[in-house]
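For reference, input.cif (mmCIF, C-alpha atoms):
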```cif
data_structure
loop_
_atom_site.group_PDB
_atom_site.id
_atom_site.type_symbol
_atom_site.label_atom_id
_atom_site.label_comp_id
_atom_site.auth_asym_id
_atom_site.auth_seq_id
_atom_site.Cartn_x
_atom_site.Cartn_y
_atom_site.Cartn_z
ATOM 1 C CA MET A 174 108.679 168.741 62.351
ATOM 2 C CA ASN A 175 110.466 165.518 61.749
ATOM 3 C CA ARG A 176 108.607 162.977 59.608
ATOM 4 C CA ARG A 177 109.258 159.288 60.303
ATOM 5 C CA LEU A 178 109.925 157.397 57.174
ATOM 6 C CA TRP A 179 108.647 153.786 57.007
ATOM 7 C CA PRO A 180 110.374 151.306 54.732
ATOM 8 C CA SER A 181 108.546 150.660 51.512
ATOM 9 C CA ARG A 182 106.491 147.490 51.098
ATOM 10 C CA LYS A 183 108.996 146.242 48.591
ATOM 11 C CA LYS A 184 111.795 146.601 51.077
ATOM 12 C CA ARG A 185 109.740 144.923 53.809
ATOM 13 C CA GLU A 186 109.231 141.837 51.608
ATOM 14 C CA GLU A 187 112.882 141.601 50.733
ATOM 15 C CA GLY A 188 114.430 138.500 52.327
ATOM 16 C CA GLN A 189 111.143 136.553 52.621
ATOM 17 C CA ALA A 190 111.515 134.716 49.311
ATOM 18 C CA LEU A 191 114.485 132.647 50.449
ATOM 19 C CA PRO A 192 112.776 131.027 53.476
ATOM 20 C CA LEU A 193 109.698 130.274 51.369
ATOM 21 C CA ALA A 194 111.830 128.695 48.703
ATOM 22 C CA LEU A 195 113.653 126.587 51.264
ATOM 23 C CA ILE A 196 110.360 125.417 52.812
ATOM 24 C CA THR A 197 108.965 124.533 49.376
ATOM 25 C CA LEU A 198 112.124 122.645 48.513
ATOM 26 C CA ALA A 199 111.981 120.702 51.783
ATOM 27 C CA LEU A 200 108.324 119.769 51.295
ATOM 28 C CA GLY A 201 109.004 118.768 47.726
ATOM 29 C CA SER A 202 111.860 116.544 48.834
ATOM 30 C CA LEU A 203 109.610 114.813 51.351
ATOM 31 C CA LEU A 204 106.810 114.294 48.841
ATOM 32 C CA ILE A 205 109.104 113.096 46.097
ATOM 33 C CA GLY A 206 110.815 110.712 48.505
ATOM 34 C CA SER A 207 107.491 109.260 49.639
ATOM 35 C CA PHE A 208 106.292 108.971 46.051
ATOM 36 C CA LEU A 209 109.445 107.198 44.947
ATOM 37 C CA ASN A 210 109.279 104.866 47.944
ATOM 38 C CA SER A 211 105.615 104.067 47.206
ATOM 39 C CA ALA A 212 106.356 103.502 43.546
ATOM 40 C CA SER A 213 109.216 101.186 44.448
ATOM 41 C CA THR A 214 107.003 99.222 46.872
ATOM 42 C CA ASN A 215 104.212 98.919 44.304
ATOM 43 C CA LEU A 216 106.693 97.770 41.699
ATOM 44 C CA LEU A 217 108.039 95.077 44.013
ATOM 45 C CA ALA A 218 104.503 93.972 44.931
ATOM 46 C CA SER A 219 103.596 93.813 41.259
ATOM 47 C CA GLU A 220 106.659 91.704 40.538
ATOM 48 C CA VAL A 221 105.773 89.313 43.387
ATOM 49 C CA PHE A 222 102.179 89.104 42.140
ATOM 50 C CA GLN A 223 103.358 88.369 38.617
ATOM 51 C CA GLU A 224 105.697 85.679 39.920
ATOM 52 C CA LYS A 225 102.804 83.977 41.762
ATOM 53 C CA LEU A 226 100.361 84.097 38.851
ATOM 54 C CA PRO A 227 101.360 80.719 37.336
ATOM 55 C CA ALA A 228 100.947 79.041 40.738
ATOM 56 C CA ARG A 229 97.646 80.866 41.278
ATOM 57 C CA TYR A 230 96.271 79.652 37.947
ATOM 58 C CA ALA A 231 97.436 76.113 38.714
ATOM 59 C CA ALA A 232 95.691 76.235 42.099
ATOM 60 C CA ASP A 233 92.504 77.517 40.439
ATOM 61 C CA ALA A 234 92.640 74.576 38.048
ATOM 62 C CA ALA A 235 93.011 72.172 40.975
ATOM 63 C CA ILE A 236 89.918 73.598 42.692
ATOM 64 C CA GLU A 237 87.878 73.295 39.490
ATOM 65 C CA ASP A 238 89.048 69.708 39.040
ATOM 66 C CA ALA A 239 87.948 68.838 42.577
ATOM 67 C CA ILE A 240 84.510 70.388 42.020
ATOM 68 C CA TRP A 241 84.104 68.320 38.850
ATOM 69 C CA ASN A 242 85.066 65.183 40.771
ATOM 70 C CA LEU A 243 82.544 66.015 43.483
ATOM 71 C CA ARG A 244 79.815 65.957 40.847
ATOM 72 C CA TYR A 245 80.934 63.203 38.503
ATOM 73 C CA GLY A 246 84.098 61.508 39.765
ATOM 74 C CA ASP A 247 85.443 59.518 42.673
ATOM 75 C CA LEU A 248 84.758 62.269 45.218
ATOM 76 C CA THR A 249 81.022 61.547 45.089
ATOM 77 C CA SER A 250 81.808 58.901 47.719
ATOM 78 C CA LEU A 251 82.539 61.618 50.314
ATOM 79 C CA THR A 252 79.143 61.536 52.005
ATOM 80 C CA GLU A 253 79.912 61.365 55.726
ATOM 81 C CA PRO A 254 81.158 64.360 57.753
ATOM 82 C CA GLU A 255 84.962 64.243 58.077
ATOM 83 C CA ASP A 256 85.296 61.955 55.035
ATOM 84 C CA SER A 257 88.410 63.158 53.238
ATOM 85 C CA ALA A 258 90.410 62.390 50.116
ATOM 86 C CA SER A 259 93.644 63.740 48.644
ATOM 87 C CA TYR A 260 94.987 63.366 45.138
ATOM 88 C CA SER A 261 97.322 65.000 42.625
ATOM 89 C CA LEU A 262 96.227 66.220 39.235
ATOM 90 C CA PRO A 263 97.297 63.754 36.531
ATOM 91 C CA GLU A 264 98.917 66.498 34.431
ATOM 92 C CA THR A 265 101.089 69.493 35.225
ATOM 93 C CA VAL A 266 99.649 73.004 35.081
ATOM 94 C CA ASN A 267 102.108 75.845 34.405
ATOM 95 C CA GLY A 268 104.906 73.537 35.447
ATOM 96 C CA PHE A 269 103.216 72.575 38.730
ATOM 97 C CA THR A 270 101.531 69.345 39.805
ATOM 98 C CA PRO A 271 98.780 70.556 42.152
ATOM 99 C CA ARG A 272 97.670 68.358 45.034
ATOM 100 C CA VAL A 273 94.148 68.699 46.397
ATOM 101 C CA THR A 274 92.490 67.691 49.671
ATOM 102 C CA VAL A 275 88.691 67.560 49.858
ATOM 103 C CA THR A 276 86.868 67.149 53.182
ATOM 104 C CA ARG A 277 83.158 66.608 53.748
ATOM 105 C CA LEU A 278 81.816 68.943 56.428
ATOM 106 C CA GLU A 279 78.676 69.015 58.523
ATOM 107 C CA PRO A 280 77.276 72.538 58.092
ATOM 108 C CA ILE A 281 76.818 74.594 61.249
ATOM 109 C CA PRO A 282 73.132 75.520 61.739
ATOM 110 C CA ASN A 283 72.132 79.125 62.338
ATOM 111 C CA LEU A 284 68.916 77.981 64.007
ATOM 112 C CA THR A 285 67.464 74.649 65.161
ATOM 113 C CA LEU A 286 63.711 74.361 64.610
ATOM 114 C CA ALA A 287 62.999 70.790 65.729
ATOM 115 C CA THR A 288 64.919 67.761 67.006
ATOM 116 C CA ASP A 289 64.379 64.201 68.178
ATOM 117 C CA ASN A 290 67.000 61.613 69.085
ATOM 118 C CA PHE A 291 64.425 59.192 70.577
ATOM 119 C CA GLU A 292 66.211 59.100 73.933
ATOM 120 C CA SER A 293 62.903 59.829 75.670
ATOM 121 C CA ASN A 294 61.657 56.420 74.448
ATOM 122 C CA SER A 295 58.392 58.204 73.699
ATOM 123 C CA TRP A 296 56.451 59.200 70.579
ATOM 124 C CA SER A 297 56.181 62.725 72.013
ATOM 125 C CA GLY A 298 59.916 63.161 72.575
ATOM 126 C CA GLY A 299 62.161 65.826 71.141
ATOM 127 C CA SER A 300 61.275 69.498 70.755
ATOM 128 C CA GLY A 301 59.961 72.014 68.232
ATOM 129 C CA TRP A 302 57.346 69.759 66.605
ATOM 130 C CA LEU A 303 53.631 70.438 66.121
ATOM 131 C CA GLY A 304 52.710 67.273 67.987
ATOM 132 C CA SER A 305 53.737 63.700 68.661
ATOM 133 C CA TRP A 306 54.774 61.160 66.054
ATOM 134 C CA TYR A 307 51.881 59.487 64.282
ATOM 135 C CA HIS A 308 52.845 55.843 63.915
ATOM 136 C CA GLU A 309 51.300 52.734 62.458
ATOM 137 C CA GLY A 310 52.236 49.189 61.552
ATOM 138 C CA ASP A 311 55.627 47.822 62.513
ATOM 139 C CA ALA A 312 57.143 51.049 63.854
ATOM 140 C CA LYS A 313 58.943 51.023 67.182
ATOM 141 C CA ILE A 314 61.295 53.133 69.280
ATOM 142 C CA LYS A 315 63.815 50.457 70.109
ATOM 143 C CA LYS A 316 66.615 50.040 72.626
ATOM 144 C CA GLY A 317 69.758 48.332 71.387
ATOM 145 C CA GLY A 318 70.551 47.316 67.855
ATOM 146 C CA GLY A 319 73.326 49.885 67.476
ATOM 147 C CA PRO A 320 71.795 53.385 67.741
ATOM 148 C CA TYR A 321 73.792 56.195 66.195
ATOM 149 C CA GLU A 322 74.142 57.690 69.676
ATOM 150 C CA GLY A 323 72.534 57.093 73.042
ATOM 151 C CA LYS A 324 70.399 54.016 73.781
ATOM 152 C CA TYR A 325 67.343 54.370 71.547
ATOM 153 C CA HIS A 326 66.503 54.779 67.882
ATOM 154 C CA LEU A 327 63.462 54.327 65.624
ATOM 155 C CA ARG A 328 62.924 51.092 63.688
ATOM 156 C CA LEU A 329 60.582 50.425 60.757
ATOM 157 C CA ARG A 330 59.891 46.927 59.428
ATOM 158 C CA ARG A 331 57.760 44.956 56.991
ATOM 159 C CA ASP A 332 55.394 46.635 54.546
ATOM 160 C CA THR A 333 53.492 48.456 57.277
ATOM 161 C CA GLY A 334 55.954 50.582 59.243
ATOM 162 C CA ARG A 335 55.215 54.301 58.976
ATOM 163 C CA VAL A 336 55.761 57.421 61.095
ATOM 164 C CA GLU A 337 54.744 61.058 60.497
ATOM 165 C CA ARG A 338 55.358 64.321 62.310
ATOM 166 C CA GLY A 339 54.661 67.985 61.558
ATOM 167 C CA VAL A 340 56.709 71.140 62.012
ATOM 168 C CA ASP A 341 55.922 74.827 61.517
ATOM 169 C CA LEU A 342 58.240 76.420 58.931
ATOM 170 C CA LEU A 343 56.258 79.622 58.350
ATOM 171 C CA GLY A 344 58.571 82.509 57.508
ATOM 172 C CA GLU A 345 61.671 80.333 57.451
ATOM 173 C CA SER A 346 64.112 79.906 54.581
ATOM 174 C CA ASN A 347 67.236 77.840 53.945
ATOM 175 C CA VAL A 348 65.697 74.946 55.889
ATOM 176 C CA TYR A 349 67.365 71.530 55.951
ATOM 177 C CA PHE A 350 66.370 68.155 57.354
ATOM 178 C CA ILE A 351 69.426 66.420 58.805
ATOM 179 C CA PHE A 352 69.296 62.881 60.155
ATOM 180 C CA ARG A 353 71.062 59.525 60.381
ATOM 181 C CA ALA A 354 69.636 56.383 58.835
ATOM 182 C CA LYS A 355 70.682 52.804 58.207
ATOM 183 C CA ALA A 356 69.202 49.844 56.367
ATOM 184 C CA LYS A 357 69.698 46.162 57.105
ATOM 185 C CA SER A 358 69.053 42.904 55.244
ATOM 186 C CA PHE A 359 67.201 44.391 52.265
ATOM 187 C CA GLN A 360 66.080 42.113 49.468
ATOM 188 C CA ALA A 361 65.815 43.141 45.824
ATOM 189 C CA SER A 362 62.309 44.594 46.166
ATOM 190 C CA ASP A 363 62.724 46.157 49.627
ATOM 191 C CA THR A 364 62.608 49.946 49.972
ATOM 192 C CA ALA A 365 62.247 52.644 52.598
ATOM 193 C CA GLU A 366 61.184 56.218 51.900
ATOM 194 C CA CYS A 367 61.376 59.720 53.320
ATOM 195 C CA LEU A 368 58.379 61.824 52.282
ATOM 196 C CA VAL A 369 57.055 65.356 52.858
ATOM 197 C CA SER A 370 53.601 66.913 52.639
ATOM 198 C CA SER A 371 52.056 70.324 53.270
ATOM 199 C CA ASP A 372 48.665 68.822 54.176
ATOM 200 C CA SER A 373 49.549 65.327 55.506
ATOM 201 C CA GLU A 374 47.584 63.807 52.609
ATOM 202 C CA ASN A 375 49.503 64.443 49.378
ATOM 203 C CA TRP A 376 53.058 63.238 49.709
ATOM 204 C CA THR A 377 56.299 63.829 47.804
ATOM 205 C CA THR A 378 59.189 61.374 48.093
ATOM 206 C CA LEU A 379 62.499 63.035 48.985
ATOM 207 C CA ARG A 380 64.706 59.971 49.363
ATOM 208 C CA THR A 381 64.393 56.233 48.747
ATOM 209 C CA TRP A 382 66.663 53.524 50.177
ATOM 210 C CA VAL A 383 67.049 50.311 48.183
ATOM 211 C CA ASP A 384 68.884 47.016 48.217
ATOM 212 C CA GLY A 385 72.621 47.698 48.128
ATOM 213 C CA GLU A 386 72.412 50.468 50.723
ATOM 214 C CA ASP A 387 71.763 47.974 53.513
ATOM 215 C CA ASP A 388 75.181 47.852 55.172
ATOM 216 C CA ASP A 389 73.725 48.115 58.704
ATOM 217 C CA THR A 390 75.745 51.300 59.246
ATOM 218 C CA TYR A 391 74.384 54.722 60.080
ATOM 219 C CA HIS A 392 74.904 57.331 57.377
ATOM 220 C CA TYR A 393 74.475 61.094 57.324
ATOM 221 C CA TYR A 394 71.677 62.661 55.266
ATOM 222 C CA GLN A 395 70.962 66.317 54.576
ATOM 223 C CA LEU A 396 67.796 67.139 52.624
ATOM 224 C CA ASN A 397 66.892 70.655 51.512
ATOM 225 C CA LEU A 398 63.350 71.610 52.566
ATOM 226 C CA SER A 399 63.495 75.232 51.401
ATOM 227 C CA SER A 400 61.088 74.690 48.500
ATOM 228 C CA TYR A 401 58.472 73.247 50.871
ATOM 229 C CA THR A 402 58.239 76.118 53.370
ATOM 230 C CA THR A 403 55.735 78.342 51.543
ATOM 231 C CA GLU A 404 52.703 76.662 53.104
ATOM 232 C CA GLY A 405 54.045 77.111 56.625
ATOM 233 C CA GLN A 406 53.369 73.695 58.109
ATOM 234 C CA LEU A 407 55.193 70.660 56.779
ATOM 235 C CA TRP A 408 54.801 66.981 57.609
ATOM 236 C CA ILE A 409 57.699 64.568 57.346
ATOM 237 C CA ALA A 410 57.167 60.822 57.047
ATOM 238 C CA PHE A 411 59.202 57.636 56.810
ATOM 239 C CA ALA A 412 57.675 54.454 55.441
ATOM 240 C CA SER A 413 58.929 50.901 54.952
ATOM 241 C CA HIS A 414 58.052 48.544 52.089
ATOM 242 C CA MET A 415 60.044 45.476 53.006
ATOM 243 C CA GLN A 416 59.967 41.761 53.607
ATOM 244 C CA LYS A 417 60.037 40.252 57.075
ATOM 245 C CA LYS A 418 63.795 40.235 57.726
ATOM 246 C CA ALA A 419 64.600 43.734 56.480
ATOM 247 C CA GLU A 420 64.932 46.660 58.907
ATOM 248 C CA PHE A 421 65.261 50.423 58.580
ATOM 249 C CA TYR A 422 66.501 52.650 61.421
ATOM 250 C CA LEU A 423 66.496 56.403 62.132
ATOM 251 C CA ASP A 424 68.293 58.512 64.725
ATOM 252 C CA ASP A 425 69.344 62.094 65.528
ATOM 253 C CA LEU A 426 66.680 63.939 63.502
ATOM 254 C CA ARG A 427 67.062 67.716 63.200
ATOM 255 C CA ILE A 428 65.308 70.415 61.196
ATOM 256 C CA VAL A 429 67.596 73.423 60.997
ATOM 257 C CA VAL A 430 68.195 76.721 59.237
ATOM 258 C CA ILE A 431 71.567 77.023 57.520
ATOM 259 C CA ASN A 432 71.970 80.399 55.844
ATOM 260 C CA ARG A 433 75.239 79.593 54.128
ATOM 261 C CA PRO A 434 75.915 75.880 54.053
ATOM 262 C CA ILE A 435 79.472 74.799 53.363
ATOM 263 C CA ASP A 436 79.380 71.071 52.665
ATOM 264 C CA TYR A 437 82.931 70.559 51.417
ATOM 265 C CA GLU A 438 86.258 72.248 51.997
ATOM 266 C CA ILE A 439 88.748 72.056 49.131
ATOM 267 C CA VAL A 440 92.358 72.962 49.902
ATOM 268 C CA THR A 441 95.257 73.095 47.477
ATOM 269 C CA THR A 442 98.782 74.470 47.839
ATOM 270 C CA VAL A 443 100.805 75.219 44.735
ATOM 271 C CA GLY A 444 104.190 76.824 45.228
ATOM 272 C CA GLU A 445 103.616 79.672 47.671
ATOM 273 C CA VAL A 446 99.883 79.904 46.943
ATOM 274 C CA THR A 447 97.232 78.178 49.083
ATOM 275 C CA ILE A 448 93.531 78.356 48.233
ATOM 276 C CA ARG A 449 90.682 77.237 50.498
ATOM 277 C CA ALA A 450 87.317 76.944 48.799
ATOM 278 C CA GLY A 451 83.996 76.212 50.485
ATOM 279 C CA VAL A 452 81.522 74.318 48.314
ATOM 280 C CA ALA A 453 77.809 73.747 48.904
ATOM 281 C CA ILE A 454 75.405 71.063 47.715
ATOM 282 C CA SER A 455 72.620 72.577 45.619
ATOM 283 C CA GLY A 456 70.787 69.849 43.754
ATOM 284 C CA GLU A 457 73.199 68.530 41.150
ATOM 285 C CA ALA A 458 75.327 71.671 41.332
ATOM 286 C CA ARG A 459 78.294 72.298 43.631
ATOM 287 C CA PRO A 460 78.554 76.103 43.864
ATOM 288 C CA VAL A 461 81.534 77.795 45.502
ATOM 289 C CA VAL A 462 80.346 79.852 48.484
ATOM 290 C CA SER A 463 83.694 80.907 49.945
ATOM 291 C CA TRP A 464 87.172 81.473 48.511
ATOM 292 C CA VAL A 465 90.270 82.357 50.534
ATOM 293 C CA ILE A 466 93.741 82.862 49.063
ATOM 294 C CA GLU A 467 96.613 82.593 51.507
#
```

Turn the structure described in the file into structure tokens.
Amino acid sequence: MNRRLWPSRKKREEGQALPLALITLALGSLLIGSFLNSASTNLLASEVFQEKLPARYAADAAIEDAIWNLRYGDLTSLTEPEDSASYSLPETVNGFTPRVTVTRLEPIPNLTLATDNFESNSWSGGSGWLGSWYHEGDAKIKKGGGPYEGKYHLRLRRDTGRVERGVDLLGESNVYFIFRAKAKSFQASDTAECLVSSDSENWTTLRTWVDGEDDDTYHYYQLNLSSYTTEGQLWIAFASHMQKKAEFYLDDLRIVVINRPIDYEIVTTVGEVTIRAGVAISGEARPVVSWVIE
């Protein structure tokens, strides 16, 4: 009987080591090549980043300077949407002389709660309010006299003009009252006021117009009502305390929700670095709410 002899396991495995070694070597070459390429790319990126750091720091300094000027310097005059100013820093920073452009923006509302532009020529005009305007004394919806837009606007005169209107703010936050107003022919003792109340009896003054602001030109106003929304309903009033010739006008009233107001855009380019910062108005502060590096 012939017995078939099978090759031993050792002999069967002979010759397999070389292909495995070649495969391992090939994979290693690929991995090492990729690693070296990645390391080279990261090194170049790091070098570019390091090269841009002085310009980046100079641009940061320019943004901070503009924010300071918005609070205390010449940029406080940027009150109307699209008002803009450009200037260069008086001293170099890291060998650069940054130049800054600051533009006043009109924030985009997320929600409009109430409006009235008086174009209905009626005390019940507009939308979103709890009722019609309460009015007394020398208060009139007037045609002509230079409305901000359209044909009609609201005029208050003498020491008797007053209007009030309520709005429901229950559950709302980040609420702003946006409107246009102008004063004309004020004397030293003449004033006009914007007031708010949660019960239409006890009033808080939000804004007062005085002699010196009477240029007979409509200006943009944005008042934060967020701290007055806890009671739900809120009444807004305007009142005049003026002599016979003085006049106070209102137009384009809106109560809106703005979740992330950006009131100013600050742009500076230093070397190859451009920074765009969005700045909000929060009381006396000017916090940065957006920051983009290009």

* **Shortest interatomic distance to A:Leu368 - which of A:Thr403, A:Ser305, A:Thr276, A:Ser413, counting all atoms listed in the file** => A:Ser413

* To do: For A:Leu286, work out the shell of residues within 10 Å, counting all atoms listed in the file and skipping chain neighbours fewer than 2 positions away, then give it as a ChimeraX atom specification.
  => /A:282-284,288,300-302,340-342,345,348-350,427-430

* May I have the residues within 12 Å of A:Ser297 as number ranges by chain, using all atoms listed in the file and disregarding those fewer than 6 positions away in the same chain? => A: 288-291, 303-308, 314, 337-339

Let me see the file: selected residues, C-alpha atoms, as a compact mmCIF listing (two decimals), in the frame of the given file.
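See selection-v3.txt below for the written result:
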```
# COMPACT_ATOMS: atom_id res chain seq x y z
CA THR A 288 64.92 67.76 67.01
CA ASP A 289 64.38 64.20 68.18
CA ASN A 290 67.00 61.61 69.08
CA PHE A 291 64.42 59.19 70.58
CA LEU A 303 53.63 70.44 66.12
CA GLY A 304 52.71 67.27 67.99
CA SER A 305 53.74 63.70 68.66
CA TRP A 306 54.77 61.16 66.05
CA TYR A 307 51.88 59.49 64.28
CA HIS A 308 52.84 55.84 63.92
CA ILE A 314 61.30 53.13 69.28
CA GLU A 337 54.74 61.06 60.50
CA ARG A 338 55.36 64.32 62.31
CA GLY A 339 54.66 67.98 61.56
```

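For the residues A:Arg244, A:Arg449, A:Lys357, A:Arg335, ranking by smallest atom-to-atom distance to A:Phe421 using only C-alpha atoms places A:Lys357 first.
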
* Structure fact -> As a check of understanding: the span from atom CA of A:Val336 to atom CA of A:Val369 is 11.5 Å

* Asked: Any idea what the distance is between atom CA of A:Ser293 and atom CA of A:Trp408?
  -> 21.0 Å

* Asked: Skipping near chain neighbours, those fewer than 5 positions away, what residues fall within 9 Å of A:Gly444 using only C-alpha atoms, listed as a list in words?
  -> Lys225, Ala228, Arg229, Phe269 and Pro271 of chain A

Output file for the selection above: C-alpha atoms, as an mmCIF file, in the coordinates of the input:
```cif
data_model
loop_
_atom_site.group_PDB
_atom_site.id
_atom_site.type_symbol
_atom_site.label_atom_id
_atom_site.label_comp_id
_atom_site.auth_asym_id
_atom_site.auth_seq_id
_atom_site.Cartn_x
_atom_site.Cartn_y
_atom_site.Cartn_z
ATOM 1 C CA LYS A 225 102.804 83.977 41.762
ATOM 2 C CA ALA A 228 100.947 79.041 40.738
ATOM 3 C CA ARG A 229 97.646 80.866 41.278
ATOM 4 C CA PHE A 269 103.216 72.575 38.730
ATOM 5 C CA PRO A 271 98.780 70.556 42.152
#
```

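Interatomic distance, atom CA of A:Glu322 to atom CA of A:Glu279: 16.5 Å.
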
* Any chance you could work out the residue set of the PyMOL selection byres ((chain A and resi 452) around 9) here, as a ChimeraX atom specification? -> /A:240,434-439,450-451,453-454,459-463

* Distance query A:Asn242 at most 12 Å, all atoms listed in the file, self and fewer than 4 positions along chain excluded, as a PyMOL selection string -> chain A and resi 235-238+246-251+258-260+262+273-275+439+458-459

Any chance you could work out the residue set of the PyMOL selection byres ((chain A and resi 432) around 6) here, as a PDB file with C-alpha atoms, in the coordinates of the input?
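Result saved to expr.pdb:
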```
ATOM      1  CA  ASN A 347      67.236  77.840  53.945  1.00  0.00           C
ATOM      2  CA  ILE A 431      71.567  77.023  57.520  1.00  0.00           C
ATOM      3  CA  ARG A 433      75.239  79.593  54.128  1.00  0.00           C
TER       4      ARG A 433
END
```

* Using all atoms listed in the file, find the one residue out of A:Arg353, A:Leu379, A:Leu343, A:Glu366 that sits nearest to A:Gln406. => A:Leu343

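Proximity ranking of A:Ala287, A:Cys367, A:Ala356, A:Ala239 relative to A:Gly299 places A:Ala287 first, based on all atoms listed in the file.
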
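Between A:Phe359 and the candidates A:Leu327, A:Ala419, A:Leu407, A:Ile281, the tightest atom-to-atom separation, counting only C-alpha atoms, involves A:Ala419.
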
* Nearest to A:Val440 by atom-to-atom distance, counting only C-alpha atoms, from A:Gly456, A:Glu253, A:Arg272, A:Asn375 -> A:Arg272

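Once the PyMOL selection byres ((chain A and resi 330) around 6) is applied to the shown structure, the selection contains Asp311, Leu329, Arg331, Gly334 and Glu420 of chain A.
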